[in-house]
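Notes follow the structure.
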Amino acid sequence: PGQKITQQYDPYKNFIDYKFYNYGTIVLKYEHGFHKYFGCGLNLEYSNSSANYKYADEVNSANLYQHKISSNIIGMYLRMNGHLPIGKSFDIYGGFGLGYLYTINKYTDKNPNAINNSQQNSKIFDFDFQATLGARYMIKPGFGLFAEIGYATTICQLGFTFKF
């Protein structure tokens with residue numbers, strides 16, 4: 001996923017047994033073409049990542065404790081795209097989306113001497129936007145491929161497109 005989900009783990013990279021897990025971003029898109037030059041639709045997105053590491057206790061540095069951080073991000077956007085058809089099978093498009101990101105962060109610390117609670121959760125509901133450029137190639141009348149770049153949950157998206 002983009003920096004929205006991975007940047008929070010940077011301060012922990014130098015800790016003992018640091019392990020980063022990323023389950024990627026899954027994006028489902030639906031677009032209804034109102035005209036061959038304009039469409040409107042919906043994006044649904046899900047991202048998940050976590051990091052585990054160990055650190056020494058301040059009271060007794062021989063004791064190592066496990067700390068886990070995880071983030072889940074769920075996004076929903078209303079999208080509008082402008083299309084420029086080039087032939088029957090290929091089109092270039094640009095679009096923007098407005099929506100919300102719901103972020104769930106969890107922190108778990110196994111240290112009984114920790115100042116903070118052993119488990120903390122935070123939930124954030126943020127307004128967000130996207131702006132992308134893309135291209136779509138229809139291999140068959142109902143099946144094709146697409147690629148997008150831009151400011152979104154991920155910088156680049158590749159996928160399949162279905163027309164029905």
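Ligands are numbered from 1 in the order shown, chains are lettered A, B, ... in the order of the structure tokens, and residues start at 1 in each chain.
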Exercise. So which residues of chain A fall under strand (DSSP E or B) by DSSP, listed as a PyMOL selection string?
Worked result: chain A and resi 16-35+38-56+64-86+90-109+119-140+143-151+156-162
For this session: May I have the residues within 9 Å of A:Ser89 as a ChimeraX atom specification, using only C-alpha atoms and disregarding those fewer than 3 positions away in the same chain?
Result: /A:85-86,136-141,144
Exercise. Can you list, as number ranges by chain, every protein, DNA or RNA residue that comes within 12 Å of A:Ser70 when you count only C-alpha atoms, leaving out same-chain residues fewer than 5 positions away?
Worked result: A: 5-6, 8-9, 19-23, 47-53, 103-109, 119-123
For the residues in that selection, give me C-alpha atoms as a CSV table (one decimal), in the first residue's frame.
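The new file selection-v2.csv reads:
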chain,number,residue,atom,x,y,z
A,5,ILE,CA,-0.2,2.7,5.9
A,6,THR,CA,3.5,2.0,5.8
A,8,GLN,CA,4.1,4.7,10.7
A,9,TYR,CA,6.5,1.7,11.0
A,19,LYS,CA,9.4,-8.0,11.1
A,20,PHE,CA,7.1,-6.1,8.7
A,21,TYR,CA,4.0,-7.8,7.3
A,22,ASN,CA,2.0,-6.3,4.4
A,23,TYR,CA,-1.1,-7.9,3.1
A,47,SER,CA,-5.2,-2.4,3.2
A,48,ASN,CA,-3.6,-4.2,6.1
A,49,SER,CA,-0.1,-4.2,7.5
A,50,SER,CA,1.7,-4.9,10.8
A,51,ALA,CA,5.1,-4.9,12.5
A,52,ASN,CA,6.5,-6.9,15.3
A,53,TYR,CA,9.7,-6.2,17.2
A,103,THR,CA,-8.3,3.5,9.9
A,104,ILE,CA,-8.1,1.1,12.8
A,105,ASN,CA,-4.7,1.0,14.6
A,106,LYS,CA,-3.8,-1.5,17.3
A,107,TYR,CA,-0.8,-1.5,19.6
A,108,THR,CA,0.0,-4.5,21.8
A,109,ASP,CA,2.8,-4.6,24.3
A,119,GLN,CA,-3.2,-2.9,24.4
A,120,GLN,CA,-4.4,0.3,22.8
A,121,ASN,CA,-6.7,0.9,19.9
A,122,SER,CA,-7.4,4.0,17.9
A,123,LYS,CA,-10.0,4.6,15.1
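Residue nearest A:Ala56, chosen from A:Phe15, A:Tyr102, A:Phe96, A:Phe162 and counting only C-alpha atoms: A:Phe15.
Residues within 7 Å of stretch 31-45 of chain A, counting only C-alpha atoms and excluding same-chain residues fewer than 2 positions away, are Thr25, Ile26, Val27, Leu28, Lys29, Ser47, Ile74, Gly75, Met76, Tyr77, Leu78, Arg79, Met80, Asn81, Gly82, His83 and Leu84 of chain A.
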Exercise. To one decimal place, how far is atom CA of A:Phe143 from atom CA of A:Gly87 in Å?
Worked result: 15.9 Å
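Between A:Asp126 and the residues A:Asp17, A:Tyr151, A:Leu101, A:Asn60, the shortest atom-to-atom distance, using only C-alpha atoms, involves A:Leu101.
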Exercise. In Å to one decimal, how far is atom CA of A:Asn14 from atom CA of A:Lys110?
Worked result: 18.8 Å
Exercise. Between atom CA of A:Gly95 and atom CA of A:Ile124, what is the spacing in Å?
Worked result: 25.8 Å
Exercise. What are the DSSP helix (DSSP H, G or I) residues of chain A, as a list in words?
Worked result: Gln3, Lys4, Ile5, Thr6, Gln7, Gln8, Tyr9, Asp10, Pro11 and Tyr12 of chain A
For this session: Name all residues at most 9 Å from A:Leu133 (count only C-alpha atoms; drop same-chain ones fewer than 6 positions away) and give them as a list in words.
Result: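 Within the cut-off, the hits are Ile92, Tyr93, Gly94, Gly95, Phe96, Ala147, Glu148, Ile149 and Gly150 of chain A.
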For this session: Find the residues around A:Asp128 up to 7 Å (only C-alpha atoms counted), leave out those fewer than 6 positions away in its own chain, and share them as a VMD selection string.
Result: chain A and resid 98 to 101
Based on the selection just made, write N, CA, C and O atoms of those residues as a PDB file, in the first residue's frame.
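New file selection_14.pdb:
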ATOM      1  N   LEU A  98     -13.733  11.255  -4.389  1.00  0.00           N
ATOM      2  CA  LEU A  98     -13.909  11.848  -3.066  1.00  0.00           C
ATOM      3  C   LEU A  98     -14.533  10.798  -2.172  1.00  0.00           C
ATOM      4  O   LEU A  98     -15.469  10.105  -2.571  1.00  0.00           O
ATOM      5  N   GLY A  99     -13.996  10.685  -0.950  1.00  0.00           N
ATOM      6  CA  GLY A  99     -14.546   9.673  -0.056  1.00  0.00           C
ATOM      7  C   GLY A  99     -13.932   9.723   1.321  1.00  0.00           C
ATOM      8  O   GLY A  99     -13.388  10.745   1.742  1.00  0.00           O
ATOM      9  N   TYR A 100     -13.993   8.597   2.000  1.00  0.00           N
ATOM     10  CA  TYR A 100     -13.524   8.505   3.374  1.00  0.00           C
ATOM     11  C   TYR A 100     -12.626   7.297   3.570  1.00  0.00           C
ATOM     12  O   TYR A 100     -12.794   6.266   2.915  1.00  0.00           O
ATOM     13  N   LEU A 101     -11.676   7.451   4.484  1.00  0.00           N
ATOM     14  CA  LEU A 101     -10.825   6.359   4.935  1.00  0.00           C
ATOM     15  C   LEU A 101     -11.122   6.099   6.405  1.00  0.00           C
ATOM     16  O   LEU A 101     -11.140   7.030   7.215  1.00  0.00           O
TER      17      LEU A 101
END
For this session: Go through A:Ile155, A:Leu145, A:Gln130, A:Ile16 and flag the residue nearest A:Tyr65, using only C-alpha atoms for the distances.
Result: A:Ile16
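Distances to A:Ile73 were evaluated for A:Gly97, A:Gly24, A:Gly134, A:Pro112 using only C-alpha atoms, and the minimum falls at A:Gly24.
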